[in-house]
file input_35.cif (mmCIF, C-alpha atoms)
data_input
loop_
_atom_site.label_atom_id
_atom_site.label_comp_id
_atom_site.auth_asym_id
_atom_site.auth_seq_id
_atom_site.Cartn_x
_atom_site.Cartn_y
_atom_site.Cartn_z
CA ALA A 665 6.74 -2.83 21.56
CA ASP A 666 6.78 -0.29 18.76
CA VAL A 667 3.78 1.92 18.24
CA VAL A 668 2.47 2.10 14.70
CA GLN A 669 -0.13 4.65 13.81
CA VAL A 670 -2.17 3.62 10.80
CA ARG A 671 -5.04 5.12 8.86
CA VAL A 672 -6.78 3.92 5.75
CA ASN A 673 -8.20 6.10 3.00
CA PRO A 674 -7.44 9.34 4.86
CA THR A 675 -8.80 12.61 3.60
CA PRO A 676 -5.97 15.15 3.77
CA GLY A 677 -6.91 18.10 5.95
CA SER A 678 -9.91 16.35 7.44
CA ALA A 679 -10.01 16.51 11.23
CA SER A 680 -12.25 13.46 11.31
CA SER A 681 -10.17 11.26 8.99
CA LYS A 682 -8.82 9.26 11.95
CA GLU A 683 -12.34 8.76 13.32
CA ALA A 684 -13.59 7.73 9.89
CA ALA A 685 -10.80 5.21 9.53
CA MET A 686 -11.53 3.72 12.94
CA SER A 687 -15.23 3.35 12.20
CA ALA A 688 -14.72 1.78 8.79
CA LYS A 689 -15.21 -1.96 8.82
CA SER A 690 -11.75 -3.50 8.84
CA GLU A 691 -10.32 -0.11 7.99
CA ALA A 692 -10.87 -0.40 4.23
CA SER A 693 -12.64 -2.06 1.37
CA LEU A 694 -10.78 -3.73 -1.43
CA GLU A 695 -12.40 -2.72 -4.68
CA PRO A 696 -11.97 -4.89 -7.76
CA ASN A 697 -11.11 -3.12 -11.00
CA GLY A 698 -10.71 -4.28 -14.56
CA SER A 699 -12.85 -4.95 -17.56
CA PRO A 700 -16.59 -4.74 -16.93
CA ASP A 701 -17.18 -7.58 -19.41
CA SER A 702 -15.84 -10.62 -17.57
CA SER A 703 -16.89 -12.96 -20.41
CA SER A 704 -14.45 -11.37 -22.84
CA PRO A 705 -11.39 -13.60 -23.40
CA LYS A 706 -9.14 -10.55 -24.01
CA GLN A 707 -10.08 -8.67 -20.86
CA GLU A 708 -7.51 -6.66 -19.00
CA ALA A 709 -5.99 -8.16 -15.88
CA GLU A 710 -8.16 -7.53 -12.85
CA PHE A 711 -6.75 -5.88 -9.78
CA ILE A 712 -7.69 -4.36 -6.47
CA GLU A 713 -6.34 -1.12 -5.08
CA PHE A 714 -6.23 -0.15 -1.45
CA ASP A 715 -4.74 2.58 0.70
CA ILE A 716 -2.72 2.29 3.87
CA CYS A 717 -1.09 4.92 6.03
CA LEU A 718 2.18 4.30 7.82
CA VAL A 719 3.66 6.78 10.29
CA LYS A 720 7.33 6.84 11.20
CA VAL A 721 7.44 7.40 14.96
CA GLU A 722 10.52 8.95 16.54
CA GLY A 723 12.24 6.30 18.60
CA GLY A 724 10.23 3.57 16.81
CA GLN A 725 10.15 2.04 13.37
CA VAL A 726 11.31 4.32 10.58
CA LYS A 727 11.80 1.79 7.77
CA ILE A 728 8.91 0.37 5.80
CA GLY A 729 10.54 -3.05 5.89
CA ALA A 730 10.22 -4.09 2.26
CA ASP A 731 12.58 -4.90 -0.57
CA VAL A 732 11.23 -3.37 -3.76
CA ALA A 733 12.00 -3.51 -7.46
CA ARG A 734 11.52 -0.50 -9.72
CA LYS A 735 8.91 -1.33 -12.32
CA ASP A 736 7.10 0.85 -14.86
CA GLY A 737 6.54 3.91 -12.66
CA CYS A 738 5.79 1.91 -9.52
CA LEU A 739 7.54 -0.20 -6.90
CA LYS A 740 6.96 -3.96 -6.77
CA ILE A 741 7.29 -5.50 -3.33
CA ARG A 742 9.77 -8.37 -3.53
CA ASN A 743 10.09 -9.22 0.15
CA ILE A 744 8.64 -8.05 3.46
CA HIS A 745 10.66 -8.06 6.66
CA ASP A 746 10.62 -6.28 10.03
CA GLY A 747 9.33 -2.72 9.69
CA LEU A 748 6.21 -0.59 9.27
CA ILE A 749 4.60 -2.91 6.70
CA SER A 750 4.99 -6.01 8.89
CA ASP A 751 3.55 -3.98 11.79
CA TRP A 752 0.64 -2.97 9.52
CA ASN A 753 0.10 -6.63 8.54
CA ALA A 754 0.02 -7.72 12.20
CA ALA A 755 -2.54 -5.02 13.03
CA HIS A 756 -4.68 -5.63 9.91
CA PRO A 757 -4.80 -9.38 9.17
CA ASP A 758 -7.69 -8.90 6.75
CA GLN A 759 -5.81 -6.29 4.68
CA VAL A 760 -2.22 -7.45 4.60
CA VAL A 761 0.37 -6.16 2.17
CA LEU A 762 1.79 -9.07 0.16
CA LYS A 763 4.80 -9.85 -1.96
CA LYS A 764 4.09 -8.84 -5.58
CA ASP A 765 1.86 -5.93 -4.48
CA LEU A 766 2.69 -2.71 -6.31
CA ILE A 767 3.16 0.63 -4.58
CA ILE A 768 1.64 2.97 -7.16
CA ASP A 769 1.30 6.21 -5.18
CA VAL A 770 3.00 7.75 -2.13
CA ASN A 771 1.48 10.92 -0.70
CA GLY A 772 -0.06 11.86 -4.04
CA VAL A 773 3.12 11.22 -6.04
CA ASN A 774 2.83 8.60 -8.77
CA GLY A 775 4.23 7.56 -12.15
CA ASP A 776 7.94 7.87 -11.22
CA GLN A 777 9.54 5.10 -9.18
CA ASN A 778 12.45 7.36 -8.16
CA MET A 779 10.05 9.94 -6.72
CA LEU A 780 8.13 7.18 -4.91
CA LEU A 781 11.37 6.07 -3.25
CA TYR A 782 12.21 9.69 -2.41
CA GLN A 783 8.82 10.16 -0.70
CA ILE A 784 9.19 6.91 1.27
CA THR A 785 12.68 7.88 2.41
CA ASN A 786 11.97 11.49 3.35
CA ASP A 787 8.34 11.74 4.51
CA THR A 788 7.20 10.91 8.04
CA VAL A 789 3.60 10.09 7.12
CA LEU A 790 3.27 7.68 4.20
CA ASN A 791 -0.11 7.45 2.49
CA LEU A 792 0.46 4.48 0.18
CA LYS A 793 -1.83 3.31 -2.59
CA LEU A 794 -1.19 -0.32 -3.46
CA ARG A 795 -2.37 -2.45 -6.36
CA ARG A 796 -2.72 -6.22 -6.32
CA TYR A 797 -3.46 -8.17 -9.46
CA THR A 798 -6.01 -10.82 -8.67
CA ASP A 799 -4.82 -13.34 -11.27
CA SER A 800 -1.51 -13.99 -9.48
CA PRO A 801 -1.80 -15.18 -5.89
CA ALA A 802 0.92 -13.95 -3.55
CA SER A 803 2.05 -14.87 -0.08
CA PRO A 804 2.89 -12.66 2.90
#

call {"tool": "encode", "arguments": {"input": "input_35.cif", "output": "structure tokens"}}
result
Amino acid sequence: ADVVQVRVNPTPGSASSKEAAMSAKSEASLEPNGSPDSSSPKQEAEFIEFDICLVKVEGGQVKIGADVARKDGCLKIRNIHDGLISDWNAAHPDQVVLKKDLIIDVNGVNGDQNMLLYQITNDTVLNLKLRRYTDSPASP
């Protein structure tokens, strides 16, 4: 079986970031965002953002295992197949990555879908920030 090392909400440079991730309930909290006035009919779409960390292990998985579409400075997940994301989903059933989720940041890089793809392709440790809009249910 492949070994997948995962961390959530890591603090770069922190020696205890792994310990903090392990002690966090379910590895992360999903925080809702959007308009504070939920009674307004013209409110912005609500979303949650969450962080995951995928590590490419030599001799193990090196692909994230997702088909993505370039979209407005981010990457929209179109399909998930065998790879680091499916391994993450198996290890974190309460914080799965879904189709339609948006990858909005990779290792501190954001706003340019080409640079996001570059980071995913070339970096060994992938700190991903994902966004999920809560008004459109998705499936794994």

call {"tool": "closest_atom_pairs", "arguments": {"input": "input_35.cif", "of": "segment 758-793 of chain A", "to": "segment 712-716 of chain A", "cutoff": "9 Å", "atoms": "all atoms listed in the file", "output": "tab-separated table"}}
result
residue	atom	partner	partner_atom	distance
A:Gln759	CA	A:Phe714	CA	8.7
A:Leu790	CA	A:Ile716	CA	8.1
A:Asn791	CA	A:Ile716	CA	5.9
A:Leu792	CA	A:Ile716	CA	5.3
A:Lys793	CA	A:Asp715	CA	4.5

call {"tool": "resolve_selection", "arguments": {"input": "input_35.cif", "expression": "the PyMOL selection byres ((chain A and resi 747-752) around 6)", "output": "ChimeraX atom specification"}}
result
/A:727-729,746,753-756

call {"tool": "closest_residue", "arguments": {"input": "input_35.cif", "among": "A:Cys738, A:Ala730, A:Leu762, A:Leu718", "to": "Arg796 of chain A", "atoms": "only C-alpha atoms"}}
result
A:Leu762

call {"tool": "residues_around", "arguments": {"input": "input_35.cif", "residues": "Thr798 of chain A", "least_positions_apart": "5", "cutoff": "8 Å", "atoms": "only C-alpha atoms", "output": "list in words"}}
result
Ala709, Glu710, Phe711 and Ile712 of chain A

call {"tool": "write_last_selection", "arguments": {"input": "input_35.cif", "atoms": "C-alpha atoms", "output": "PDB file, keeping the file's coordinate frame"}}
result
ATOM      1  CA  ALA A 709      -5.990  -8.160 -15.880  1.00  0.00           C
ATOM      2  CA  GLU A 710      -8.160  -7.530 -12.850  1.00  0.00           C
ATOM      3  CA  PHE A 711      -6.750  -5.880  -9.780  1.00  0.00           C
ATOM      4  CA  ILE A 712      -7.690  -4.360  -6.470  1.00  0.00           C
TER       5      ILE A 712
END

call {"tool": "resolve_selection", "arguments": {"input": "input_35.cif", "expression": "the PyMOL selection byres ((chain A and resi 780) around 10)", "output": "ChimeraX atom specification"}}
result
/A:734,737-739,767-779,781-785,792

call {"tool": "atom_distance", "arguments": {"input": "input_35.cif", "atom1": "atom CA of Arg795 of chain A", "atom2": "atom CA of Ile744 of chain A"}}
result
15.8 Å
